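Trainee: Before we start, here is the structure in question, set down as structure tokens.
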Amino acid sequence: MALQAQAANIYIMDDNNQPMENMVVYLQSNNPAAFATPALASDSSTTQARQNPVEVHQKDKQFSPYITIVQKGYQLKFVNDDDITHHIYSASGPKRFSFKLRQDGVNKDMVFDQLGHISMGCNIHDWMSGHILIVDTPHFANTDNKGLVSFDNIAPGQYQLVVWHPQLQAINNQNSYQIDLPLSKPLTLTVTDTMGEIPSQQSLDDFEFLEGY
């Protein structure tokens with residue numbers, strides 16, 4: 001008889017037992033199915049990478065969301081919701097890019113085929129900061145304001161659960177835990193490493209955009 005996949009509810013807390021919001025949580029496994037990566041997308045591709053890209057927006061001169069997670073080989077769409085130009089660039093990471101999005105609703109598609117963390121900014125609005133994490137698993141999520149992530153349709157087995165955040169002051173900005181699924185009850189995990197300050201995406205001295213840029 002086939003084993004039934006079950007939901008897993010996991011709470012991420014700090015060492016003061018306070019919920020940690022917007023932490024990246026993902027599962028890794030020795031099961032090859034958990035690491036399935038789609039064929040890299042091309043202009044004529046009809047894969048899920050082309051049909052349902054992850055989106056990172058530039059809105060009110062901020063990156064939204066602050067942290068974007070994408071599975072290796074999938075497409076990410078940069079969308080400019082502002083009525084001004086943004087010049088997006090990667091400051092570090094496995095994929096380097098630099099491009100301008102000039103007006104409201106303009107977007108750019110990009111496929112990420114290497115694992116790792118990309119830090120990005122805007123050459124025009126230097127207070128803007130955002131992060132992309134490319135993972136090799138389809139099982140990932142961000143914690144909510146209760147520190148909760150829920151994973152559905154996960155096959156029984158042993159997994160490595162990774163908690164990541166660009167401001168987590170730990171090796172590779174992450175903590176790892178071995179867990180066995182399914183869970184008989186919600187699981188609470190404690191992150192003992194400290195968190196650095198999350199930068200505010202606001203200018204202290206705003207200015208009007210120069211159209212000639």
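Ligands are numbered from 1 in the order shown, residues from 1 within each chain, and chains are lettered A, B, ... in the order they appear in the structure tokens.
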Near Ile12 in chain A, within 8 Å and counting only C-alpha atoms, which residues show up once chain neighbours fewer than 2 positions away are dropped, as a list in words?
Mentor: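 Within the cut-off, the hits are Ile10, Asp14, Pro19, Met20, Thr143, Gly147, Leu148, Thr188, Leu189, Thr190 and Val191 of chain A.
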Trainee: Interatomic distance between CA of Asp82 in chain A and CA of Met110 in chain A?
Mentor: 19.8 Å
Trainee: From a DSSP calculation on the backbone, collect every residue of range 26-180 of chain A in helix (DSSP H, G or I) and output the set as a list of chain:residue names.
Mentor: A:Pro32, A:Ala33, A:Ala34, A:Phe35, A:Gln48, A:Ala49, A:Arg50, A:Gln51, A:Ile171, A:Asn172, A:Asn173
Trainee: Enumerate the residues of chain A with a DSSP assignment of strand (DSSP E), computed from the backbone, and present them as an MDAnalysis selection string.
Mentor: chainID A and resid 6:14 24:28 54:59 62:64 67:71 75:80 86:92 98:101 107:111 116:122 129:135 140:142 148:154 157:164 174:181 187:191
Trainee: Name the closest residue to Gln178 in chain A among the candidates A:Ser150, A:Gln201, A:Ser29, A:Asn142; distances are taken between atoms, counting only C-alpha atoms.
Mentor: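 Result for the nearest residue to Gln178 in chain A: A:Ser29.
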Trainee: List as a count of residues only the protein and nucleic acid residues near Asn123 in chain A, meaning an atom at most 8 Å away when only C-alpha atoms are counted, but skip any in the same chain fewer than 3 places from it.
Mentor: 5
Trainee: As number ranges by chain, please: the residues near Val70 in chain A (cut-off 10 Å, only C-alpha atoms, same-chain neighbours under 6 positions excluded).
Mentor: A: 53-55, 76, 111-112, 115, 132-138, 140
Trainee: Generate a file of the selected residues that holds C-alpha atoms, formatted as a compact mmCIF listing (two decimals), in the first residue's frame.
Mentor:
# COMPACT_ATOMS: atom_id res chain seq x y z
CA PRO A 53 6.98 32.79 -12.99
CA VAL A 54 7.78 34.03 -9.52
CA GLU A 55 7.51 37.83 -9.38
CA LEU A 76 11.56 35.03 -12.15
CA VAL A 111 15.86 32.15 -15.42
CA PHE A 112 18.12 31.22 -12.50
CA LEU A 115 21.97 27.75 -6.54
CA ILE A 132 16.82 36.26 -4.11
CA LEU A 133 17.46 32.73 -2.84
CA ILE A 134 17.70 29.95 -5.45
CA VAL A 135 17.03 26.50 -3.97
CA ASP A 136 17.08 22.94 -5.33
CA THR A 137 13.73 21.86 -3.90
CA PRO A 138 10.07 22.67 -4.60
CA PHE A 140 9.89 26.17 0.39
